[in-house]
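Pasted below: my_file-v4.cif, mmCIF, C-alpha atoms and all ligand atoms.
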```cif
data_upload
#
loop_
_atom_site.label_atom_id
_atom_site.label_comp_id
_atom_site.auth_asym_id
_atom_site.auth_seq_id
_atom_site.Cartn_x
_atom_site.Cartn_y
_atom_site.Cartn_z
CA MET A 1 4.02 -16.14 -25.19
CA LYS A 2 5.24 -18.20 -22.25
CA SER A 3 8.93 -17.62 -21.56
CA PHE A 4 9.21 -19.17 -18.10
CA ASN A 5 8.51 -22.89 -18.03
CA GLY A 6 8.51 -23.71 -14.32
CA SER A 7 5.74 -23.32 -11.79
CA ALA A 8 5.86 -20.12 -9.76
CA ARG A 9 4.36 -21.99 -6.81
CA ASP A 10 7.58 -24.00 -6.53
CA LEU A 11 9.48 -20.77 -5.95
CA VAL A 12 7.15 -19.40 -3.28
CA ASN A 13 6.74 -21.44 -0.14
CA GLY A 14 4.34 -19.38 1.94
CA ARG A 15 3.81 -22.13 4.47
CA ASN A 16 7.37 -22.17 5.70
CA GLY A 17 8.17 -18.60 4.63
CA GLU A 18 10.89 -19.27 2.05
CA ILE A 19 10.93 -17.50 -1.30
CA SER A 20 13.39 -18.07 -4.12
CA ARG A 21 15.79 -15.32 -5.11
CA GLU A 22 14.92 -16.06 -8.74
CA LEU A 23 11.84 -13.84 -8.32
CA PHE A 24 14.17 -10.88 -7.98
CA VAL A 25 16.85 -11.54 -10.60
CA ASN A 26 15.66 -13.99 -13.27
CA LYS A 27 14.98 -12.45 -16.68
CA ASP A 28 12.61 -15.19 -17.88
CA ILE A 29 10.48 -14.78 -14.77
CA TYR A 30 10.55 -11.03 -15.29
CA GLN A 31 9.41 -11.45 -18.90
CA GLU A 32 6.64 -13.80 -17.85
CA GLU A 33 5.32 -11.46 -15.20
CA GLN A 34 4.84 -8.71 -17.80
CA GLU A 35 2.32 -11.03 -19.41
CA GLN A 36 0.81 -12.78 -16.40
CA VAL A 37 0.77 -9.93 -13.87
CA PHE A 38 1.05 -6.53 -15.54
CA ALA A 39 -1.10 -7.31 -18.58
CA ARG A 40 -3.95 -8.54 -16.34
CA ALA A 41 -3.93 -6.81 -12.93
CA TRP A 42 -5.53 -3.44 -12.18
CA LEU A 43 -2.75 -0.83 -12.21
CA TYR A 44 -2.61 2.71 -10.87
CA VAL A 45 -2.36 5.25 -13.72
CA GLY A 46 -2.74 8.71 -12.22
CA HIS A 47 -4.93 11.20 -10.44
CA GLU A 48 -7.96 13.04 -11.83
CA SER A 49 -6.49 16.37 -10.77
CA GLN A 50 -3.75 15.83 -13.37
CA VAL A 51 -6.36 15.98 -16.14
CA ARG A 52 -8.97 18.44 -14.92
CA ASN A 53 -9.99 20.03 -18.25
CA PRO A 54 -11.00 18.65 -21.66
CA GLY A 55 -7.81 18.02 -23.66
CA ASP A 56 -5.60 17.66 -20.55
CA PHE A 57 -3.28 14.67 -20.69
CA PHE A 58 -0.75 13.01 -18.43
CA VAL A 59 1.68 10.41 -19.72
CA SER A 60 1.98 7.50 -17.32
CA LYS A 61 3.11 3.87 -17.32
CA MET A 62 1.41 0.50 -17.00
CA GLY A 63 4.11 -2.06 -16.40
CA GLU A 64 6.85 -1.28 -18.91
CA GLU A 65 4.52 0.49 -21.30
CA SER A 66 3.92 4.17 -21.82
CA VAL A 67 0.24 5.17 -21.65
CA ILE A 68 -1.65 8.42 -22.04
CA LEU A 69 -4.29 9.39 -19.48
CA VAL A 70 -6.45 11.98 -21.23
CA ARG A 71 -9.75 13.79 -20.76
CA ASP A 72 -11.56 14.01 -24.10
CA ARG A 73 -13.66 16.92 -25.34
CA GLU A 74 -16.75 15.43 -23.73
CA SER A 75 -14.84 15.26 -20.42
CA ARG A 76 -14.60 11.47 -20.43
CA LEU A 77 -11.39 9.87 -19.20
CA HIS A 78 -9.41 7.46 -21.37
CA VAL A 79 -6.14 5.57 -21.06
CA PHE A 80 -4.38 4.76 -24.35
CA LEU A 81 -1.22 2.92 -25.22
CA ASN A 82 1.27 5.60 -26.26
CA THR A 83 2.17 4.12 -29.62
CA CYS A 84 1.12 5.04 -33.13
CA ARG A 85 -0.83 2.38 -35.00
CA HIS A 86 1.06 3.20 -38.23
CA ARG A 87 4.67 2.31 -37.37
CA GLY A 88 4.84 2.45 -33.58
CA MET A 89 6.14 5.96 -32.89
CA LYS A 90 5.36 7.38 -29.46
CA VAL A 91 2.48 9.70 -30.29
CA CYS A 92 2.97 11.83 -27.18
CA ARG A 93 6.49 12.69 -26.05
CA TYR A 94 5.56 15.20 -23.35
CA ASP A 95 4.97 14.39 -19.68
CA GLU A 96 1.72 16.36 -19.49
CA GLY A 97 -0.16 19.17 -21.19
CA ASN A 98 -3.31 20.05 -23.10
CA THR A 99 -4.05 19.25 -26.74
CA ARG A 100 -6.81 19.02 -29.35
CA ASN A 101 -5.16 16.06 -31.08
CA PHE A 102 -2.11 13.86 -30.72
CA ILE A 103 -0.13 14.27 -33.94
CA CYS A 104 2.44 11.60 -34.64
CA PRO A 105 5.75 13.18 -35.65
CA TYR A 106 6.83 10.24 -37.83
CA HIS A 107 4.37 10.29 -40.77
CA GLY A 108 1.77 12.70 -39.46
CA TRP A 109 -1.19 10.54 -38.44
CA SER A 110 -3.35 12.36 -35.93
CA PHE A 111 -5.57 10.99 -33.18
CA SER A 112 -8.36 12.79 -31.34
CA THR A 113 -8.46 12.88 -27.55
CA ASP A 114 -10.99 10.03 -27.63
CA GLY A 115 -8.46 7.92 -29.52
CA ARG A 116 -9.95 8.00 -33.05
CA LEU A 117 -7.64 8.21 -36.04
CA VAL A 118 -8.79 11.51 -37.54
CA GLY A 119 -6.00 12.48 -39.90
CA VAL A 120 -3.87 10.47 -42.35
CA GLN A 121 -1.35 12.06 -44.69
CA ASP A 122 -2.32 11.67 -48.37
CA TYR A 123 -5.31 9.59 -47.41
CA GLN A 124 -7.12 10.04 -50.75
CA ALA A 125 -4.09 9.65 -52.97
CA ALA A 126 -2.14 6.94 -51.21
CA TYR A 127 -4.82 4.55 -50.00
CA GLN A 128 -6.88 3.20 -52.85
CA PRO A 129 -8.92 1.36 -51.92
CA PRO A 130 -9.24 3.40 -48.69
CA PHE A 131 -8.65 1.58 -45.41
CA ASP A 132 -11.09 1.77 -42.52
CA ARG A 133 -9.73 4.43 -40.19
CA ASP A 134 -12.08 3.35 -37.40
CA GLN A 135 -10.00 0.18 -37.05
CA TRP A 136 -6.74 2.06 -36.54
CA GLY A 137 -7.37 4.27 -33.51
CA LEU A 138 -5.17 4.28 -30.41
CA VAL A 139 -5.22 1.09 -28.36
CA GLU A 140 -7.38 1.66 -25.27
CA VAL A 141 -7.35 -0.18 -21.93
CA ALA A 142 -10.09 -2.76 -21.42
CA GLN A 143 -11.42 -1.26 -18.18
CA LEU A 144 -10.92 2.00 -16.30
CA ALA A 145 -12.01 2.97 -12.78
CA VAL A 146 -11.79 6.09 -10.63
CA ARG A 147 -11.67 5.94 -6.84
CA HIS A 148 -11.31 9.08 -4.75
CA GLY A 149 -9.60 10.81 -7.63
CA THR A 150 -7.15 7.99 -8.36
CA VAL A 151 -7.40 6.47 -11.84
CA TRP A 152 -6.85 2.75 -12.41
CA ALA A 153 -6.92 0.55 -15.49
CA THR A 154 -6.45 -3.00 -16.72
CA TRP A 155 -5.73 -4.44 -20.18
CA ASP A 156 -7.86 -7.49 -19.37
CA ARG A 157 -11.54 -7.33 -20.20
CA ASN A 158 -12.15 -10.49 -18.18
CA ALA A 159 -10.68 -8.97 -15.01
CA PRO A 160 -13.20 -8.41 -12.21
CA SER A 161 -14.37 -4.86 -11.50
CA PHE A 162 -11.87 -2.70 -9.61
CA ASP A 163 -14.15 -2.86 -6.60
CA GLU A 164 -14.04 -6.64 -6.57
CA TYR A 165 -10.29 -6.63 -7.24
CA LEU A 166 -9.72 -4.50 -4.14
CA GLY A 167 -12.05 -6.55 -1.93
CA ASP A 168 -11.61 -5.62 1.72
CA ALA A 169 -8.66 -3.40 0.81
CA ARG A 170 -11.29 -0.86 -0.31
CA HIS A 171 -11.42 0.60 3.16
CA ALA A 172 -7.65 1.03 3.27
CA LEU A 173 -7.58 2.83 -0.04
CA ASP A 174 -10.56 5.03 0.77
CA THR A 175 -9.30 6.01 4.18
CA GLY A 176 -5.70 6.34 3.14
CA LEU A 177 -6.40 8.51 0.17
CA CYS A 178 -8.86 10.90 1.58
CA ALA A 179 -9.94 10.71 5.12
CA TRP A 180 -7.25 10.32 7.71
CA ASP A 181 -6.11 13.83 8.29
CA GLY A 182 -8.45 15.37 5.80
CA GLY A 183 -11.96 16.62 6.22
CA ASP A 184 -14.07 16.09 3.13
CA GLY A 185 -11.85 13.86 1.03
CA GLU A 186 -11.04 16.24 -1.81
CA THR A 187 -7.32 16.04 -2.46
CA GLU A 188 -4.85 17.55 -4.90
CA LEU A 189 -1.26 16.83 -5.84
CA LEU A 190 1.66 18.83 -4.54
CA GLY A 191 3.75 19.71 -7.59
CA SER A 192 4.45 17.08 -10.21
CA VAL A 193 5.72 13.51 -10.18
CA GLN A 194 9.20 12.67 -8.87
CA LYS A 195 10.77 10.00 -11.13
CA TRP A 196 14.01 8.10 -10.70
CA ILE A 197 15.54 4.73 -11.45
CA ILE A 198 16.90 2.19 -8.99
CA PRO A 199 18.95 -0.96 -9.71
CA SER A 200 16.63 -3.46 -8.10
CA ASN A 201 13.51 -5.51 -8.81
CA TRP A 202 10.08 -3.84 -8.38
CA LYS A 203 9.04 -6.44 -5.80
CA PHE A 204 11.55 -5.16 -3.25
CA VAL A 205 9.54 -1.94 -3.22
CA ALA A 206 6.10 -3.59 -3.23
CA GLU A 207 6.90 -5.89 -0.29
CA ASN A 208 8.58 -3.12 1.67
CA PHE A 209 5.48 -0.93 1.66
CA ALA A 210 3.09 -3.87 2.03
CA GLY A 211 4.42 -4.35 5.52
CA ASP A 212 8.08 -5.13 6.10
CA VAL A 213 7.93 -3.92 9.68
CA LEU A 214 11.29 -5.40 10.62
CA HIS A 215 13.17 -3.01 8.36
CA ALA A 216 12.34 -0.05 10.63
CA ILE A 217 15.82 -0.60 12.06
CA SER A 218 17.21 0.82 8.79
CA HIS A 219 15.68 4.16 9.70
CA ARG A 220 17.15 4.37 13.17
CA SER A 221 19.46 7.26 12.31
CA VAL A 222 16.55 9.20 10.77
CA ASP A 223 14.52 8.58 13.91
CA MET A 224 17.39 9.81 16.04
CA VAL A 225 17.83 12.97 13.98
CA GLY A 226 14.07 13.53 14.07
CA ILE A 227 12.63 14.73 10.75
CA GLY A 228 8.99 14.46 11.81
CA PRO A 229 6.38 17.14 12.42
CA ASN A 230 6.50 16.80 16.19
CA ALA A 231 9.67 18.85 16.63
CA SER A 232 11.44 16.03 18.45
CA GLU A 233 12.73 12.54 17.66
CA GLY A 234 11.10 10.29 15.09
CA ARG A 235 9.92 10.42 11.48
CA ARG A 236 6.26 11.03 12.21
CA ASP A 237 3.92 11.64 15.12
CA ASN A 238 2.78 8.61 17.06
CA PRO A 239 0.60 6.57 14.67
CA GLY A 240 -1.06 4.63 17.51
CA ARG A 241 -1.17 0.85 17.91
CA LEU A 242 0.18 -0.96 14.83
CA VAL A 243 -1.79 -3.75 13.23
CA ILE A 244 -0.54 -5.73 10.24
CA VAL A 245 -3.27 -6.73 7.81
CA ALA A 246 -3.09 -8.97 4.73
CA HIS A 247 -6.26 -8.56 2.67
CA GLU A 248 -7.31 -11.15 0.12
CA GLY A 249 -5.94 -10.45 -3.32
CA GLY A 250 -2.35 -9.85 -2.20
CA HIS A 251 -2.97 -6.34 -0.84
CA GLY A 252 -1.11 -5.66 2.43
CA PHE A 253 -1.33 -2.78 4.89
CA VAL A 254 0.02 -1.68 8.23
CA TYR A 255 -2.72 0.17 10.08
CA GLY A 256 -2.25 2.65 12.88
CA ILE A 257 -5.10 2.60 15.40
CA LYS A 258 -5.60 5.62 17.62
CA PRO A 259 -8.08 5.96 20.50
CA PRO A 260 -11.00 8.33 19.81
CA ASP A 261 -9.53 11.03 22.03
CA PRO A 262 -10.65 14.52 20.97
CA GLU A 263 -7.30 16.00 21.97
CA ARG A 264 -4.60 15.79 19.36
CA THR A 265 -1.02 16.96 19.55
CA ASP A 266 0.24 16.13 16.03
CA TYR A 267 2.20 18.64 13.98
CA SER A 268 3.39 20.58 17.00
CA GLU A 269 6.23 21.96 14.89
CA SER A 270 3.75 24.15 12.94
CA ALA A 271 0.95 25.80 14.91
CA ILE A 272 -1.29 26.46 11.91
CA THR A 273 -0.87 22.89 10.65
CA ALA A 274 -1.60 21.52 14.12
CA ALA A 275 -4.78 23.61 14.35
CA TYR A 276 -5.93 22.57 10.88
CA PHE A 277 -5.50 18.83 11.55
CA LYS A 278 -7.07 19.09 14.97
CA GLU A 279 -10.18 20.53 13.37
CA CYS A 280 -10.20 17.77 10.72
CA TRP A 281 -9.78 15.12 13.40
CA GLN A 282 -12.70 16.46 15.41
CA ARG A 283 -14.94 16.45 12.34
CA ARG A 284 -13.85 12.91 11.63
CA LEU A 285 -14.53 11.82 15.20
CA LYS A 286 -18.04 13.21 14.97
CA ARG A 287 -18.66 11.35 11.73
CA GLN A 288 -17.06 8.02 12.55
CA GLY A 289 -16.82 7.70 16.34
CA ASP A 290 -14.69 4.75 17.43
CA ARG A 291 -13.64 3.96 13.87
CA ALA A 292 -12.19 7.41 13.28
CA GLY A 293 -8.76 6.31 14.44
CA VAL A 294 -8.50 3.22 12.20
CA SER A 295 -6.38 4.12 9.22
CA PRO A 296 -3.61 2.64 7.07
CA LEU A 297 -0.16 3.96 7.73
CA VAL A 298 1.37 2.34 4.69
CA GLY A 299 0.44 -0.41 2.24
CA THR A 300 0.58 -1.92 -1.23
CA VAL A 301 -2.27 -2.58 -3.62
CA PHE A 302 -1.15 -5.62 -5.61
CA PRO A 303 1.01 -5.56 -7.59
CA ASN A 304 2.98 -2.31 -7.53
CA MET A 305 1.06 0.68 -6.19
CA SER A 306 2.00 1.64 -2.65
CA PHE A 307 0.98 4.53 -0.48
CA HIS A 308 1.35 6.17 2.86
CA GLY A 309 -2.06 7.13 4.21
CA GLN A 310 -0.73 9.65 6.74
CA GLN A 311 2.53 11.46 7.42
CA PRO A 312 3.44 11.68 4.57
CA ARG A 313 0.42 11.21 2.31
CA THR A 314 1.97 9.95 -0.85
CA ILE A 315 1.75 7.33 -3.58
CA VAL A 316 4.73 5.48 -4.96
CA VAL A 317 4.51 3.25 -8.02
CA ALA A 318 7.33 0.81 -8.74
CA HIS A 319 7.28 0.48 -12.54
CA PRO A 320 9.22 -2.57 -13.74
CA ARG A 321 12.03 -1.88 -16.24
CA GLY A 322 14.00 -5.10 -16.06
CA PRO A 323 14.70 -7.93 -13.61
CA THR A 324 17.00 -5.66 -11.63
CA GLN A 325 15.78 -2.21 -12.63
CA THR A 326 12.76 -0.22 -11.46
CA GLU A 327 11.44 3.21 -12.33
CA MET A 328 10.08 4.85 -9.21
CA TRP A 329 7.31 7.46 -9.44
CA ARG A 330 6.19 9.38 -6.39
CA VAL A 331 3.44 11.96 -5.85
CA TYR A 332 2.26 13.75 -2.72
CA PHE A 333 -1.26 14.67 -1.69
CA VAL A 334 -2.79 17.42 0.38
CA ASP A 335 -6.37 18.38 1.16
CA ARG A 336 -7.51 20.81 -1.47
CA ALA A 337 -9.23 22.89 1.20
CA ALA A 338 -6.15 23.18 3.45
CA PRO A 339 -4.73 26.70 3.97
CA GLU A 340 -1.72 27.55 1.78
CA GLU A 341 0.56 27.65 4.80
CA VAL A 342 -0.38 24.09 5.70
CA LYS A 343 0.33 22.94 2.14
CA ARG A 344 3.70 24.69 2.24
CA TYR A 345 4.60 23.10 5.54
CA LEU A 346 3.57 19.64 4.33
CA ARG A 347 5.54 20.04 1.11
CA SER A 348 8.80 20.47 2.98
CA TYR A 349 7.99 17.72 5.50
CA TYR A 350 7.05 15.25 2.75
CA MET A 351 10.18 16.03 0.71
CA ARG A 352 12.52 15.46 3.61
CA TYR A 353 10.75 12.17 4.35
CA SER A 354 10.23 10.46 0.95
CA GLY A 355 11.42 10.49 -2.63
CA PRO A 356 14.94 10.34 -4.07
CA ALA A 357 16.22 13.02 -1.71
CA GLY A 358 14.01 12.02 1.23
CA MET A 359 15.86 10.61 4.19
CA THR A 360 13.82 7.46 4.76
CA GLU A 361 13.66 6.55 1.08
CA GLN A 362 17.44 6.85 0.84
CA ASP A 363 17.75 4.28 3.62
CA ASP A 364 15.37 1.95 1.81
CA MET A 365 17.03 2.28 -1.58
CA GLU A 366 20.40 1.50 -0.10
CA ASN A 367 19.00 -1.82 1.14
CA TRP A 368 17.13 -2.78 -2.05
CA ASN A 369 20.00 -1.92 -4.34
CA TYR A 370 22.71 -3.78 -2.45
CA ALA A 371 20.42 -6.76 -1.74
CA SER A 372 19.63 -6.98 -5.43
CA ALA A 373 23.28 -6.92 -6.52
CA ALA A 374 24.24 -9.44 -3.86
CA SER A 375 21.53 -11.87 -5.03
CA GLU A 376 22.46 -12.09 -8.71
CA GLY A 377 25.39 -14.47 -8.52
CA THR A 378 25.15 -18.14 -9.43
CA ILE A 379 25.87 -19.26 -5.90
CA ALA A 380 23.78 -16.58 -4.18
CA ARG A 381 20.69 -17.59 -6.19
CA ARG A 382 20.71 -21.07 -4.69
CA TYR A 383 19.63 -19.75 -1.30
CA PRO A 384 16.04 -18.61 -0.68
CA TYR A 385 15.07 -15.46 1.19
CA HIS A 386 13.65 -15.83 4.70
CA TYR A 387 10.10 -14.59 5.48
CA LYS A 388 9.27 -16.59 8.58
CA ALA A 389 8.45 -13.86 11.09
CA GLY A 390 4.96 -14.24 12.52
CA LEU A 391 4.13 -17.56 10.82
CA GLY A 392 0.79 -18.64 12.27
CA ALA A 393 0.36 -15.47 14.34
CA ALA A 394 -2.59 -13.99 12.42
CA GLU A 395 -6.02 -13.91 14.00
CA PRO A 396 -9.48 -12.65 13.04
CA SER A 397 -10.44 -9.14 14.14
CA ASP A 398 -13.82 -7.35 14.31
CA LEU A 399 -12.14 -4.08 13.50
CA ILE A 400 -10.53 -4.94 10.16
CA ALA A 401 -11.25 -7.78 7.71
CA GLY A 402 -8.31 -9.91 6.59
CA MET A 403 -5.41 -11.74 8.22
CA VAL A 404 -4.62 -9.53 11.16
CA THR A 405 -1.50 -9.62 13.29
CA ASN A 406 -1.44 -7.23 16.19
CA ALA A 407 1.88 -5.66 17.11
CA PRO A 408 4.05 -6.34 19.04
CA VAL A 409 3.96 -9.68 17.19
CA THR A 410 6.27 -8.82 14.33
CA SER A 411 5.13 -10.50 11.17
CA GLU A 412 6.19 -10.89 7.55
CA GLN A 413 2.73 -12.17 6.62
CA ASN A 414 2.06 -9.34 4.17
CA PRO A 415 5.08 -10.04 1.95
CA ARG A 416 4.24 -13.77 2.18
CA GLU A 417 0.67 -13.07 1.02
CA LEU A 418 1.88 -10.76 -1.75
CA TYR A 419 4.10 -13.53 -3.14
CA ARG A 420 1.39 -16.14 -2.73
CA ARG A 421 -0.85 -13.95 -4.90
CA TRP A 422 2.00 -13.27 -7.32
CA ALA A 423 2.47 -17.04 -7.81
CA GLN A 424 -1.25 -17.44 -8.51
CA PHE A 425 -1.07 -14.78 -11.21
CA MET A 426 2.01 -16.41 -12.71
CA ASP A 427 0.48 -19.90 -12.80
CA SER A 428 -3.18 -19.15 -13.62
CA ALA A 429 -4.41 -19.04 -17.17
CA ASP A 430 -7.69 -17.25 -16.44
CA TRP A 431 -9.60 -15.19 -13.93
CA ASP A 432 -11.81 -18.11 -12.88
CA SER A 433 -8.89 -19.73 -11.12
CA LEU A 434 -7.56 -16.37 -9.92
CA ARG A 435 -10.91 -15.58 -8.34
CA GLY A 436 -10.93 -18.91 -6.52
CA GLY A 437 -7.33 -18.31 -5.51
CA ALA A 438 -8.22 -15.19 -3.57
CA SER A 439 -9.31 -17.41 -0.69
CA ARG A 440 -6.71 -19.13 1.39
S1 LIG B 501 4.50 6.01 -37.06
FE1 LIG B 501 2.98 7.43 -36.64
S2 LIG B 501 2.45 8.21 -38.55
FE2 LIG B 501 3.91 6.70 -38.99
FE FE B 502 11.48 2.19 4.93
#
```
Starting from the file, lay out its structure as structure tokens.
Ligand code: FES
Ligand SMILES: [Fe+2]
Amino acid sequence: MKSFNGSARDLVNGRNGEISRELFVNKDIYQEEQEQVFARAWLYVGHESQVRNPGDFFVSKMGEESVILVRDRESRLHVFLNTCRHRGMKVCRYDEGNTRNFICPYHGWSFSTDGRLVGVQDYQAAYQPPFDRDQWGLVEVAQLAVRHGTVWATWDRNAPSFDEYLGDARHALDTGLCAWDGGDGETELLGSVQKWIIPSNWKFVAENFAGDVLHAISHRSVDMVGIGPNASEGRRDNPGRLVIVAHEGGHGFVYGIKPPDPERTDYSESAITAAYFKECWQRRLKRQGDRAGVSPLVGTVFPNMSFHGQQPRTIVVAHPRGPTQTEMWRVYFVDRAAPEEVKRYLRSYYMRYSGPAGMTEQDDMENWNYASAASEGTIARRYPYHYKAGLGAAEPSDLIAGMVTNAPVTSEQNPRELYRRWAQFMDSADWDSLRGGASR
């Protein structure tokens, strides 16, 4: 049902870098994007390591909705809407666990881990003629994909494959999730998910991680204190030369590019961690040569999954909860093969960097929350936001596909491209026009 009657393109002027504040505060636009964006795009659901064994489940979110990621008895993965088909009760009220069936507490219907309705109270006595239980199983996503352990899904059966949806951002995701510091790509989560709520629109988060390089000034105090692994100033070790890349499809990344120098001085604060990553780096150099040092530092896969590919290695998902409310979920990754001491060291480094108690995330939240509140007023809404940095500065590159802006040219191209894509989703009725819209 269409609740927003205007054209999203009128609110997003990518050419001159002006974007309406309505995107961040308007409840009709918010309602419409649940339908046009979150019910159609590929969304991050979880990580395979959260559901290793048959019967393991992890309750996640897709947009506003609760979903269950579960491994059935045949070891196949599924993602189901977490709502009973009888009268809507949440069939799973735990965050994670292992089960043979999901039993609804309301009237006792039970569902197997492959989603079938297998038990109905008083089925023989109460339902004459009997109803067809096969028609009343849990609602399942239309498509599911796994990439380097991450699990993704879409409600839209007409959506392109996840591979096509990612396009050239594939490399960013692959490298960021498994290969930068790591050796063989096998990762696992550190602990469980950190969850918290912030009073601001989800897009503040998405654009920030897509490549809002100018906001680094917010972290100046953290840089001065020095929380990084190099035992001196800064938040992280030197990431190399920065390159800002907008891939087609609204996905934006900031890459760090390091020369293929076999010497590496990262993690000097912890000798065992330094030695581990040096070994990984040398293996990587052998495998990839000059390309070994090309890796995303931070980025967003449209619409709301963001990650840091190195220092820290973490995923953050900005789940929408309202025009000015977002539920943040963060998880941290380490190489499964890393020594325990390295994992312990990384745990404390990652926690002091990101998440609700992390020092850089606190800086960011302060900005998003106040900006959101200060944009809600009738007068404030009349004035668009300014995204003009680096207009026209992008150039082709042989190293990375996409719109590439080399630092030190500071550019807001990635947020501009994210909103251009957002407007296409909002205005397009079908994937034919969305596919065409991927080109500029
Ligand atoms: S709502 Fe689930 S059994 Fe009635
Ligand atoms: Fe930040």
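For the set A:Gly309, A:Pro384, A:Gly355, A:Gly55, the residue with the smallest atom-to-atom gap to ligand FE 502 (chain B) is A:Gly355, counting all atoms listed in the file.
The interatomic distance for the pair atom CA of A:Gly46 and atom CA of A:Val294 works out to 25.7 Å.
Atom to atom, atom CA of A:Pro229 and atom CA of A:Pro312 stand 10.0 Å apart.
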Throw together the list of residues within 8 Å of ligand FE 502 (chain B), counting only C-alpha atoms and all ligand atoms, and drop it here as a JSON list (two decimals) with C-alpha atoms, in the frame of the given file.
```
[["chain", "number", "residue", "atom", "x", "y", "z"],
["A", 208, "ASN", "CA", 8.58, -3.12, 1.67],
["A", 209, "PHE", "CA", 5.48, -0.93, 1.66],
["A", 215, "HIS", "CA", 13.17, -3.01, 8.36],
["A", 216, "ALA", "CA", 12.34, -0.05, 10.63],
["A", 218, "SER", "CA", 17.21, 0.82, 8.79],
["A", 219, "HIS", "CA", 15.68, 4.16, 9.70],
["A", 360, "THR", "CA", 13.82, 7.46, 4.76],
["A", 361, "GLU", "CA", 13.66, 6.55, 1.08],
["A", 363, "ASP", "CA", 17.75, 4.28, 3.62],
["A", 364, "ASP", "CA", 15.37, 1.95, 1.81]]
```
Quiz item: atom CA of A:Gly17 to atom CA of A:Ala246: how many Å, to one decimal?
Solution: 14.8 Å
Exercise. Could the residues that lie within 6 Å of ligand LIG 501 (chain B), counting all atoms listed in the file, be listed as a list of chain:residue names?
Key: A:Cys84, A:His86, A:Arg87, A:Gly88, A:Met89, A:Cys104, A:Tyr106, A:His107, A:Gly108, A:Trp109
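Of the listed residues (A:Leu434, A:Leu166, A:Val301, A:Ala8), A:Ala8 comes nearest to A:Ser20; the distances count all atoms listed in the file.
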Quiz item: A:Thr300: which residues within 6 Å, counting only C-alpha atoms, same-chain residues fewer than 5 positions away excluded, as a VMD selection string?
Solution: chain A and resid 209 to 210 251 to 252 305 to 306
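In this comparison, which uses all atoms listed in the file, the residue of A:Val222, A:Tyr165, A:Gly293, A:Leu189 approaching A:Arg336 most closely is A:Leu189.
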Show me a table, sorted first by chain and then by increasing residue number, of the residues of stretch 378-438 of chain A having an atom at most 12 Å from stretch 153-164 of chain A, each with its shortest atom pair and the distance in Å to one decimal, counting only C-alpha atoms and written as CSV.
```
residue,atom,partner,partner_atom,distance
A:Phe425,CA,A:Ala159,CA,11.9
A:Ala429,CA,A:Asn158,CA,11.6
A:Asp430,CA,A:Asn158,CA,8.3
A:Trp431,CA,A:Ala159,CA,6.4
A:Asp432,CA,A:Asn158,CA,9.3
A:Ser433,CA,A:Ala159,CA,11.6
A:Leu434,CA,A:Ala159,CA,9.5
A:Arg435,CA,A:Pro160,CA,8.5
A:Ala438,CA,A:Glu164,CA,10.8
```
